[in-house]
file model_21.cif (mmCIF, C-alpha atoms and all ligand atoms)
data_coords
loop_
_atom_site.label_atom_id
_atom_site.label_comp_id
_atom_site.auth_asym_id
_atom_site.auth_seq_id
_atom_site.Cartn_x
_atom_site.Cartn_y
_atom_site.Cartn_z
CA MET A 1 -33.79 0.97 28.53
CA ILE A 2 -30.04 0.59 29.12
CA PRO A 3 -28.59 0.38 25.60
CA HIS A 4 -25.79 -1.99 24.63
CA ASN A 5 -23.62 0.92 23.53
CA LYS A 6 -23.88 4.68 23.86
CA LEU A 7 -22.01 7.71 22.53
CA THR A 8 -19.87 9.78 24.90
CA LEU A 9 -20.10 13.01 22.89
CA LYS A 10 -20.52 16.09 25.04
CA ARG A 11 -20.61 19.88 24.85
CA GLU A 12 -16.80 19.98 24.31
CA GLU A 13 -17.09 18.03 21.06
CA ARG A 14 -19.93 20.29 19.88
CA LEU A 15 -17.77 23.33 20.57
CA CYS A 16 -14.86 21.80 18.60
CA ALA A 17 -17.04 21.28 15.54
CA GLU A 18 -18.43 24.80 15.92
CA ARG A 19 -14.94 26.31 16.21
CA VAL A 20 -13.86 24.62 12.95
CA ILE A 21 -17.03 25.65 11.11
CA LYS A 22 -16.56 29.25 12.22
CA SER A 23 -12.92 29.21 11.10
CA GLY A 24 -14.03 28.95 7.47
CA TRP A 25 -11.86 25.85 6.76
CA ILE A 26 -13.62 22.50 7.14
CA ALA A 27 -11.80 20.18 4.68
CA GLN A 28 -8.57 18.35 5.54
CA GLY A 29 -6.20 20.89 7.07
CA ARG A 30 -4.59 21.94 10.32
CA GLU A 31 -6.90 19.92 12.61
CA VAL A 32 -6.19 16.70 10.71
CA GLU A 33 -2.45 17.29 11.03
CA LEU A 34 -2.77 17.94 14.77
CA PHE A 35 -4.94 14.84 15.25
CA GLU A 36 -2.36 12.71 13.40
CA ASN A 37 0.48 13.97 15.57
CA GLU A 38 -1.51 13.52 18.78
CA ILE A 39 -2.16 9.90 17.79
CA CYS A 40 1.60 9.49 17.13
CA ASN A 41 2.27 10.87 20.57
CA PHE A 42 -0.28 8.49 22.14
CA LEU A 43 1.27 5.53 20.32
CA LYS A 44 4.86 6.63 21.06
CA LEU A 45 5.60 7.02 17.33
CA PRO A 46 7.68 9.84 15.84
CA LYS A 47 5.76 12.85 14.52
CA SER A 48 4.17 12.47 11.03
CA HIS A 49 3.91 8.68 11.28
CA ALA A 50 0.10 8.70 11.05
CA VAL A 51 -2.17 9.34 8.06
CA ALA A 52 -5.80 10.19 8.81
CA VAL A 53 -8.40 8.77 6.43
CA SER A 54 -12.18 8.51 6.23
CA SER A 55 -12.52 5.07 7.88
CA CYS A 56 -10.66 1.98 9.02
CA SER A 57 -11.97 0.22 5.92
CA MET A 58 -10.20 2.81 3.78
CA ALA A 59 -7.11 2.63 6.00
CA MET A 60 -6.84 -1.11 5.20
CA PHE A 61 -7.58 -0.53 1.52
CA VAL A 62 -4.92 2.19 1.19
CA ALA A 63 -2.34 0.17 3.14
CA LEU A 64 -2.89 -2.91 0.95
CA THR A 65 -2.90 -0.80 -2.23
CA VAL A 66 0.38 1.00 -1.59
CA LEU A 67 1.98 -2.25 -0.39
CA LYS A 68 1.00 -3.72 -3.76
CA ALA A 69 -1.17 -6.54 -2.45
CA LYS A 70 -2.89 -6.86 -5.83
CA GLN A 71 -3.07 -10.55 -6.88
CA ARG A 72 -1.34 -11.57 -3.66
CA THR A 73 -2.83 -13.31 -0.61
CA VAL A 74 -4.27 -11.50 2.41
CA GLY A 75 -4.97 -13.58 5.51
CA MET A 76 -7.75 -12.71 7.95
CA PRO A 77 -9.91 -14.46 10.56
CA VAL A 78 -13.46 -15.54 9.64
CA TYR A 79 -14.68 -14.19 12.99
CA VAL A 80 -14.51 -10.48 12.11
CA SER A 81 -16.20 -7.52 10.45
CA ARG A 82 -16.89 -8.01 6.76
CA VAL A 83 -15.02 -4.87 5.82
CA LEU A 84 -11.73 -6.81 6.03
CA ARG A 85 -12.91 -8.87 3.08
CA GLY A 86 -14.05 -5.71 1.31
CA ALA A 87 -10.72 -3.95 1.77
CA ALA A 88 -8.73 -6.94 0.47
CA ALA A 89 -11.05 -7.49 -2.50
CA THR A 90 -11.10 -3.81 -3.46
CA ALA A 91 -7.30 -3.78 -3.36
CA GLY A 92 -7.38 -6.69 -5.83
CA ALA A 93 -5.99 -9.25 -3.39
CA LYS A 94 -6.95 -12.88 -2.81
CA GLU A 95 -8.33 -13.58 0.66
CA LYS A 96 -7.17 -16.48 2.80
CA LEU A 97 -9.34 -17.32 5.79
CA PHE A 98 -8.27 -18.60 9.21
CA ASP A 99 -10.07 -19.85 12.30
CA ILE A 100 -9.76 -18.20 15.72
CA ASN A 101 -8.48 -19.76 18.96
CA ARG A 102 -10.64 -22.05 21.07
CA MET A 103 -10.65 -19.82 24.14
CA ASP A 104 -10.28 -16.32 22.75
CA PRO A 105 -11.72 -14.41 19.78
CA ASN A 106 -8.36 -13.82 18.05
CA ILE A 107 -6.88 -15.38 14.92
CA ASN A 108 -5.04 -18.66 15.49
CA ILE A 109 -1.43 -17.78 14.76
CA SER A 110 -0.21 -21.39 14.76
CA ASP A 111 -2.67 -22.11 11.89
CA VAL A 112 -1.35 -19.06 10.06
CA ARG A 113 2.24 -20.25 10.52
CA LYS A 114 1.40 -23.51 8.72
CA SER A 115 0.38 -21.69 5.52
CA PRO A 116 1.43 -18.06 5.75
CA PRO A 117 -0.22 -15.54 3.42
CA ASP A 118 1.72 -12.63 1.85
CA PHE A 119 -0.17 -10.18 4.05
CA LEU A 120 -2.00 -10.77 7.30
CA ILE A 121 -4.65 -8.55 8.89
CA VAL A 122 -4.74 -9.19 12.62
CA PRO A 123 -7.58 -7.61 14.61
CA HIS A 124 -7.00 -7.37 18.37
CA MET A 125 -10.59 -8.45 18.94
CA TYR A 126 -12.64 -6.86 21.71
CA GLY A 127 -9.50 -5.08 22.92
CA ILE A 128 -7.67 -8.35 23.71
CA PRO A 129 -4.19 -7.98 22.21
CA VAL A 130 -2.58 -10.72 20.09
CA ASP A 131 1.05 -11.47 20.87
CA LEU A 132 2.69 -11.46 17.43
CA SER A 133 6.29 -11.57 18.62
CA GLY A 134 8.12 -14.23 16.70
CA TYR A 135 5.77 -14.13 13.71
CA SER A 136 7.51 -12.76 10.64
CA LYS A 137 6.20 -14.78 7.70
CA SER A 138 3.78 -12.12 6.38
CA ILE A 139 3.55 -8.35 6.19
CA VAL A 140 1.24 -7.72 9.14
CA ILE A 141 -1.47 -5.07 9.40
CA GLU A 142 -2.62 -4.78 13.00
CA ASN A 143 -6.29 -3.87 13.06
CA CYS A 144 -6.77 -1.72 16.17
CA ALA A 145 -10.44 -0.86 15.65
CA HIS A 146 -11.00 -2.36 19.15
CA SER A 147 -7.60 -1.93 20.74
CA LEU A 148 -6.43 1.69 20.83
CA GLY A 149 -4.60 1.85 24.16
CA ALA A 150 -3.84 -1.88 24.47
CA TYR A 151 -0.25 -3.08 24.81
CA VAL A 152 1.88 -6.18 24.18
CA ASN A 153 5.19 -6.23 26.06
CA ASN A 154 4.72 -2.50 26.81
CA GLN A 155 4.40 -1.70 23.12
CA PRO A 156 1.16 -0.09 21.92
CA THR A 157 -0.90 -2.26 19.56
CA GLY A 158 -0.68 -0.82 16.07
CA THR A 159 3.06 -0.19 16.39
CA ILE A 160 4.29 -3.73 16.92
CA LYS A 161 4.29 -5.01 13.35
CA ASP A 162 4.48 -3.33 9.92
CA VAL A 163 1.28 -1.27 9.85
CA GLY A 164 -1.52 -0.32 12.25
CA VAL A 165 -5.04 0.76 11.27
CA LEU A 166 -7.48 2.56 13.56
CA SER A 167 -11.23 3.21 13.46
CA PHE A 168 -13.04 6.24 14.87
CA GLN A 169 -16.47 5.04 13.79
CA ALA A 170 -19.34 5.92 16.16
CA THR A 171 -19.24 2.76 18.31
CA LYS A 172 -15.47 2.45 18.78
CA LEU A 173 -13.35 3.49 21.80
CA ILE A 174 -13.24 7.07 20.53
CA THR A 175 -15.06 8.63 17.59
CA SER A 176 -14.23 11.47 15.25
CA GLY A 177 -17.93 12.23 14.92
CA GLY A 178 -19.33 9.03 13.44
CA MET A 179 -16.66 8.06 10.95
CA GLY A 180 -12.91 8.19 10.61
CA GLY A 181 -9.76 6.10 10.50
CA MET A 182 -5.99 6.28 10.58
CA ILE A 183 -2.97 4.46 9.21
CA VAL A 184 0.11 4.33 11.46
CA SER A 185 3.57 2.84 11.01
CA LYS A 186 7.13 3.04 12.23
CA ASN A 187 8.20 2.76 8.58
CA SER A 188 8.67 6.26 7.09
CA GLY A 189 8.84 4.99 3.50
CA PHE A 190 5.47 3.27 3.82
CA ILE A 191 3.90 6.28 5.54
CA LYS A 192 5.07 8.55 2.74
CA LYS A 193 3.40 6.27 0.18
CA ALA A 194 0.15 6.19 2.13
CA ARG A 195 0.20 9.99 2.47
CA ASP A 196 0.91 10.41 -1.25
CA TYR A 197 -2.02 8.14 -2.06
CA ARG A 198 -4.34 10.26 0.07
CA ASP A 199 -2.98 13.66 -0.98
CA PHE A 200 -3.25 12.81 -4.67
CA ASP A 201 -4.19 16.36 -5.54
CA GLU A 202 -0.67 17.43 -4.59
CA SER A 203 1.06 14.64 -6.52
CA ARG A 204 1.89 14.23 -10.19
CA SER A 205 1.70 10.45 -10.13
CA HIS A 206 -1.29 8.94 -11.87
CA VAL A 207 -2.16 5.88 -9.84
CA PRO A 208 -5.95 5.49 -9.71
CA ASN A 209 -6.72 7.29 -6.44
CA LEU A 210 -9.89 7.66 -4.41
CA ASN A 211 -10.72 10.48 -2.05
CA VAL A 212 -10.20 8.94 1.41
CA LYS A 213 -9.60 12.14 3.35
CA MET A 214 -10.80 13.08 6.81
CA THR A 215 -12.31 16.54 7.35
CA ASP A 216 -11.10 19.08 9.91
CA ILE A 217 -14.53 18.93 11.59
CA HIS A 218 -14.08 15.21 12.20
CA ALA A 219 -10.47 15.63 13.28
CA SER A 220 -11.38 18.31 15.84
CA ILE A 221 -13.92 15.95 17.43
CA GLY A 222 -11.43 13.09 17.32
CA ARG A 223 -8.80 15.22 19.08
CA MET A 224 -11.17 16.07 21.91
CA GLN A 225 -12.13 12.40 22.26
CA LEU A 226 -8.48 11.35 22.26
CA SER A 227 -7.81 13.71 25.18
CA LYS A 228 -10.45 11.72 27.11
CA LEU A 229 -9.34 8.24 26.03
CA LYS A 230 -7.39 7.43 29.19
CA SER A 231 -10.40 8.22 31.40
CA PHE A 232 -12.70 6.25 29.05
CA ILE A 233 -10.39 3.24 29.34
CA GLU A 234 -10.30 3.51 33.16
CA LYS A 235 -14.10 3.61 33.41
CA ARG A 236 -14.44 0.62 31.09
CA LYS A 237 -11.95 -1.25 33.24
CA LYS A 238 -14.06 -0.62 36.36
CA ILE A 239 -17.19 -1.93 34.65
CA PHE A 240 -15.33 -4.99 33.39
CA LYS A 241 -14.12 -5.69 36.93
CA ILE A 242 -17.69 -5.55 38.27
CA TYR A 243 -18.70 -8.20 35.71
CA SER A 244 -15.65 -10.27 36.52
CA ASP A 245 -16.18 -10.02 40.30
CA ALA A 246 -19.75 -11.29 39.82
CA GLY A 247 -18.21 -14.52 38.54
CA LEU A 248 -19.12 -14.04 34.88
CA SER A 249 -16.90 -15.91 32.45
CA LEU A 250 -15.45 -13.06 30.38
CA LEU A 251 -13.31 -13.38 27.25
CA GLY A 252 -9.82 -12.06 27.92
CA ASN A 253 -10.22 -12.05 31.69
CA ASP A 254 -7.22 -14.24 32.33
CA LEU A 255 -4.40 -12.95 30.17
CA SER A 256 -0.69 -13.47 30.52
CA LYS A 257 1.20 -10.62 32.19
CA ASN A 258 2.74 -9.22 28.98
CA LEU A 259 -0.71 -8.45 27.50
CA LYS A 260 -2.46 -5.26 28.59
CA PRO A 261 -5.99 -5.16 27.12
CA VAL A 262 -8.52 -2.36 26.77
CA ARG A 263 -12.05 -3.32 27.67
CA TYR A 264 -13.78 -2.46 24.42
CA ARG A 265 -16.29 -5.27 24.89
CA ALA A 266 -17.44 -7.31 27.87
CA VAL A 267 -18.18 -10.60 26.14
CA ILE A 268 -19.21 -13.53 28.28
CA ARG A 269 -19.07 -17.18 27.37
CA THR A 270 -22.19 -19.13 28.27
CA SER A 271 -23.96 -22.22 27.01
CA ASN A 272 -27.22 -20.30 26.80
CA PRO A 273 -26.75 -16.73 25.56
CA LYS A 274 -30.36 -16.40 24.34
CA LYS A 275 -31.73 -17.00 27.84
CA ILE A 276 -29.52 -14.29 29.38
CA ILE A 277 -30.36 -11.85 26.56
CA GLU A 278 -34.09 -12.40 27.21
CA LYS A 279 -33.70 -12.07 30.99
CA LEU A 280 -31.74 -8.82 30.62
CA ASN A 281 -34.24 -7.58 28.06
CA SER A 282 -37.12 -8.14 30.49
CA ASN A 283 -35.15 -5.91 32.88
CA LYS A 284 -34.81 -3.24 30.17
CA ILE A 285 -31.14 -3.98 29.53
CA ARG A 286 -29.95 -4.62 26.01
CA SER A 287 -27.24 -7.22 25.34
CA ILE A 288 -26.34 -8.72 21.97
CA ILE A 289 -24.59 -11.63 20.31
CA PRO A 290 -21.46 -9.73 19.24
CA ILE A 291 -20.97 -11.63 15.97
CA GLU A 292 -23.75 -13.90 14.71
CA LYS A 293 -23.11 -17.09 12.76
CA TRP A 294 -24.43 -15.60 9.52
CA GLU A 295 -21.96 -12.73 9.86
CA LEU A 296 -18.87 -14.98 9.73
CA LEU A 297 -16.77 -14.64 6.56
CA SER A 298 -17.34 -18.39 6.12
CA GLY A 299 -19.67 -20.84 7.85
CA LYS A 300 -17.63 -23.89 6.77
CA SER A 301 -17.35 -26.49 9.53
CA LYS A 302 -13.54 -26.37 9.50
CA PHE A 303 -13.81 -22.97 11.21
CA LYS A 304 -15.17 -24.67 14.29
CA ASN A 305 -13.87 -22.27 16.93
CA SER A 306 -15.42 -19.31 15.14
CA ILE A 307 -18.76 -21.10 14.86
CA ARG A 308 -18.67 -22.02 18.55
CA MET A 309 -17.85 -18.43 19.46
CA THR A 310 -21.04 -17.25 17.74
CA GLU A 311 -23.07 -19.86 19.65
CA GLU A 312 -21.59 -19.35 23.10
CA THR A 313 -21.10 -15.64 23.58
CA LEU A 314 -23.00 -12.52 24.44
CA SER A 315 -21.87 -8.91 24.83
CA LEU A 316 -22.92 -6.84 27.87
CA PRO A 317 -23.19 -3.03 27.99
CA ILE A 318 -19.82 -1.38 28.62
CA TYR A 319 -19.17 2.30 27.88
CA PRO A 320 -17.94 5.39 29.77
CA THR A 321 -21.40 6.76 30.62
CA LEU A 322 -22.72 3.49 32.09
CA SER A 323 -23.01 3.96 35.86
CA LEU A 324 -21.29 1.48 38.17
CA LYS A 325 -24.66 0.99 39.87
CA ASP A 326 -26.23 -0.12 36.60
CA ALA A 327 -23.20 -2.33 35.87
CA LYS A 328 -23.70 -4.05 39.24
CA ARG A 329 -27.36 -4.66 38.47
CA ILE A 330 -26.50 -6.06 35.03
CA ALA A 331 -23.83 -8.30 36.56
CA GLN A 332 -26.26 -9.64 39.15
CA ILE A 333 -28.99 -10.46 36.63
CA ALA A 334 -26.57 -12.12 34.22
CA ALA A 335 -24.89 -14.11 37.01
CA ASP A 336 -28.25 -15.25 38.42
CA THR A 337 -29.59 -16.50 35.08
CA LYS A 338 -28.77 -20.17 34.85
C1 LIG B 1 -15.49 -1.36 13.09
C2 LIG B 1 -14.45 -2.22 12.54
C3 LIG B 1 -13.89 -1.96 11.30
C4 LIG B 1 -14.44 -0.93 10.38
O1 LIG B 1 -14.13 0.33 10.73
P1 LIG B 1 -14.72 1.52 9.86
O2 LIG B 1 -13.99 2.69 10.43
O3 LIG B 1 -16.19 1.56 10.12
O4 LIG B 1 -14.39 1.25 8.45
C5 LIG B 1 -12.86 -2.76 10.87
N1 LIG B 1 -12.41 -3.78 11.59
C6 LIG B 1 -12.92 -4.07 12.79
C7 LIG B 1 -12.35 -5.22 13.57
C8 LIG B 1 -13.97 -3.31 13.30
O5 LIG B 1 -14.51 -3.62 14.46
#
call {"tool": "encode", "arguments": {"input": "model_21.cif", "output": "structure tokens"}}
result
Amino acid sequence: MIPHNKLTLKREERLCAERVIKSGWIAQGREVELFENEICNFLKLPKSHAVAVSSCSMAMFVALTVLKAKQRTVGMPVYVSRVLRGAAATAGAKEKLFDINRMDPNINISDVRKSPPDFLIVPHMYGIPVDLSGYSKSIVIENCAHSLGAYVNNQPTGTIKDVGVLSFQATKLITSGGMGGMIVSKNSGFIKKARDYRDFDESRSHVPNLNVKMTDIHASIGRMQLSKLKSFIEKRKKIFKIYSDAGLSLLGNDLSKNLKPVRYRAVIRTSNPKKIIEKLNSNKIRSIIPIEKWELLSGKSKFKNSIRMTEETLSLPIYPTLSLKDAKRIAQIAADTK
């Protein structure tokens, strides 16, 4: 069976974890600090402008908490992971839902403009970056769970607006060993607040903190993965091109020049996803509907583009260890299923 997604953890990552265990220090320490600064370097941010946490969910929660989003509105698309809702609710904020665009899986910014929330969480879905230049009506958190390494106007996603949040969960572009996240920002004042929240045991303030730390074991794995990210992105790009060359109608295939995506997902638009899923399945290839209708944050009919997206899309295997030969076979089967 060719799975829909697969880990790219190798001997190097095992040795990193082993090195940290042998060192006698496994909690947040030197490795976390190095990982943060390597992410800053990757994102062209000054040193110390990243705060590692236990997940992207917690990154959003901490960002909203220190920005005092309590009782204020947080905008988000309905076509997204449920943890956005969880982060906003746990921070005591009121959610405000928006539909996505007709032709891409990203939040519809012209809808947002019409009734701007205090805060806006913008995921660059499936690695397709959202151009947010010119939008300044909310404090924006760029959710880069899918888009580490994507650019808008030569600026890395996560560094364009106020705050960026990253995920290193098992299925993302890189993983820090199953779970992990990071908060990044150009704004030193904000970063200091986020760091103080996390490092509560070193602070005398008595805000109600939670332990959201990353461990040095996770950071050491994340660092090794980060050193491979460029090659991962290149391989994903090759696979995406094979699907595109086969004539498949891929989301984010035709982007304007200023947007540089990363191919986190190869999602095709088709009137009959179930048929292609079954055909691939009978060839021992697993594809999935990336977000099902019941997973939407709301199924109300006014979110029509989101609903359509759940009915007309399917996600093909794309990951660094998928061979180009297998990708060609997958492309052929999907393209031949009418
Ligand atoms: C995976 C994902 C998250 C959650 O990340 P965790 O690190 O598992 O908390 C958040 N947002 C989006 C868009 C995701 O895909």
call {"tool": "residues_around", "arguments": {"input": "model_21.cif", "residues": "range 116-126 of chain A", "least_positions_apart": "5", "cutoff": "7 Å", "atoms": "only C-alpha atoms", "output": "number ranges by chain"}}
result
A: 72-76, 105-107, 137-144, 146-147, 263-265
call {"tool": "residues_near_point", "arguments": {"input": "model_21.cif", "point": "(-5.1, 16.8, 5.1)", "cutoff": "12 Å", "atoms": "only C-alpha atoms", "output": "JSON, numbers by chain"}}
result
{"A": [25, 26, 27, 28, 29, 30, 31, 32, 33, 34, 35, 36, 48, 50, 51, 52, 53, 54, 182, 195, 196, 197, 198, 199, 200, 201, 202, 211, 212, 213, 214, 215, 216, 217, 218, 219]}
call {"tool": "residues_near_ligand", "arguments": {"input": "model_21.cif", "ligand": "ligand LIG 1 (chain B)", "cutoff": "7 Å", "atoms": "all atoms listed in the file", "output": "PyMOL selection string"}}
result
chain A and resi 55-58+80-81+83-84+123+125+143+145-146+167-169+172+179-181
call {"tool": "closest_residue", "arguments": {"input": "model_21.cif", "among": "A:Lys186, A:Lys260, A:Lys193, A:Lys241", "to": "Val152 in chain A", "atoms": "all atoms listed in the file"}}
result
A:Lys260
call {"tool": "residues_around", "arguments": {"input": "model_21.cif", "residues": "Lys328 in chain A", "least_positions_apart": "4", "cutoff": "12 Å", "atoms": "all atoms listed in the file", "output": "list of chain:residue names"}}
result
A:Lys238, A:Ile239, A:Phe240, A:Lys241, A:Ile242, A:Tyr243, A:Ser244, A:Asp245, A:Ala246, A:Gly247, A:Leu248, A:Leu316, A:Pro317, A:Ile318, A:Leu322, A:Ser323, A:Leu324, A:Gln332, A:Ile333, A:Ala334, A:Ala335
call {"tool": "write_last_selection", "arguments": {"input": "model_21.cif", "atoms": "C-alpha atoms", "output": "CSV table (one decimal), keeping the file's coordinate frame"}}
result
chain,number,residue,atom,x,y,z
A,238,LYS,CA,-14.1,-0.6,36.4
A,239,ILE,CA,-17.2,-1.9,34.6
A,240,PHE,CA,-15.3,-5.0,33.4
A,241,LYS,CA,-14.1,-5.7,36.9
A,242,ILE,CA,-17.7,-5.6,38.3
A,243,TYR,CA,-18.7,-8.2,35.7
A,244,SER,CA,-15.6,-10.3,36.5
A,245,ASP,CA,-16.2,-10.0,40.3
A,246,ALA,CA,-19.8,-11.3,39.8
A,247,GLY,CA,-18.2,-14.5,38.5
A,248,LEU,CA,-19.1,-14.0,34.9
A,316,LEU,CA,-22.9,-6.8,27.9
A,317,PRO,CA,-23.2,-3.0,28.0
A,318,ILE,CA,-19.8,-1.4,28.6
A,322,LEU,CA,-22.7,3.5,32.1
A,323,SER,CA,-23.0,4.0,35.9
A,324,LEU,CA,-21.3,1.5,38.2
A,332,GLN,CA,-26.3,-9.6,39.2
A,333,ILE,CA,-29.0,-10.5,36.6
A,334,ALA,CA,-26.6,-12.1,34.2
A,335,ALA,CA,-24.9,-14.1,37.0
call {"tool": "residues_near_point", "arguments": {"input": "model_21.cif", "point": "(-25.5, -7.4, 27.4)", "cutoff": "9 Å", "atoms": "all atoms listed in the file", "output": "ChimeraX atom specification"}}
result
/A:3-4,266-268,276-277,280-281,285-289,314-318,330,334
call {"tool": "closest_residue", "arguments": {"input": "model_21.cif", "among": "A:Ile221, A:Leu226, A:Ile160, A:Ile128", "to": "Phe42 in chain A", "atoms": "only C-alpha atoms"}}
result
A:Leu226
call {"tool": "axis_aligned_box", "arguments": {"input": "model_21.cif", "around": "range 292-309 of chain A", "padding_each_side": "8 Å", "output": "JSON"}}
result
{"center_x": -19.0, "center_y": -19.6, "center_z": 12.8, "size_x": 26.9, "size_y": 29.8, "size_z": 29.3}
call {"tool": "atom_distance", "arguments": {"input": "model_21.cif", "atom1": "CA of Leu229 in chain A", "atom2": "CA of Ile183 in chain A"}}
result
18.4 Å
call {"tool": "atom_distance", "arguments": {"input": "model_21.cif", "atom1": "CA of Lys161 in chain A", "atom2": "CA of Ile39 in chain A"}}
result
16.8 Å
call {"tool": "atom_distance", "arguments": {"input": "model_21.cif", "atom1": "CA of Thr310 in chain A", "atom2": "CA of Pro290 in chain A"}}
result
7.7 Å
call {"tool": "closest_residue", "arguments": {"input": "model_21.cif", "among": "A:Ala89, A:Lys6, A:Phe303, A:Ser282", "to": "Pro77 in chain A", "atoms": "all atoms listed in the file"}}
result
A:Phe303
call {"tool": "closest_residue", "arguments": {"input": "model_21.cif", "among": "A:Trp294, A:Lys274, A:Leu67, A:Val130", "to": "Ile100 in chain A", "atoms": "all atoms listed in the file"}}
result
A:Val130
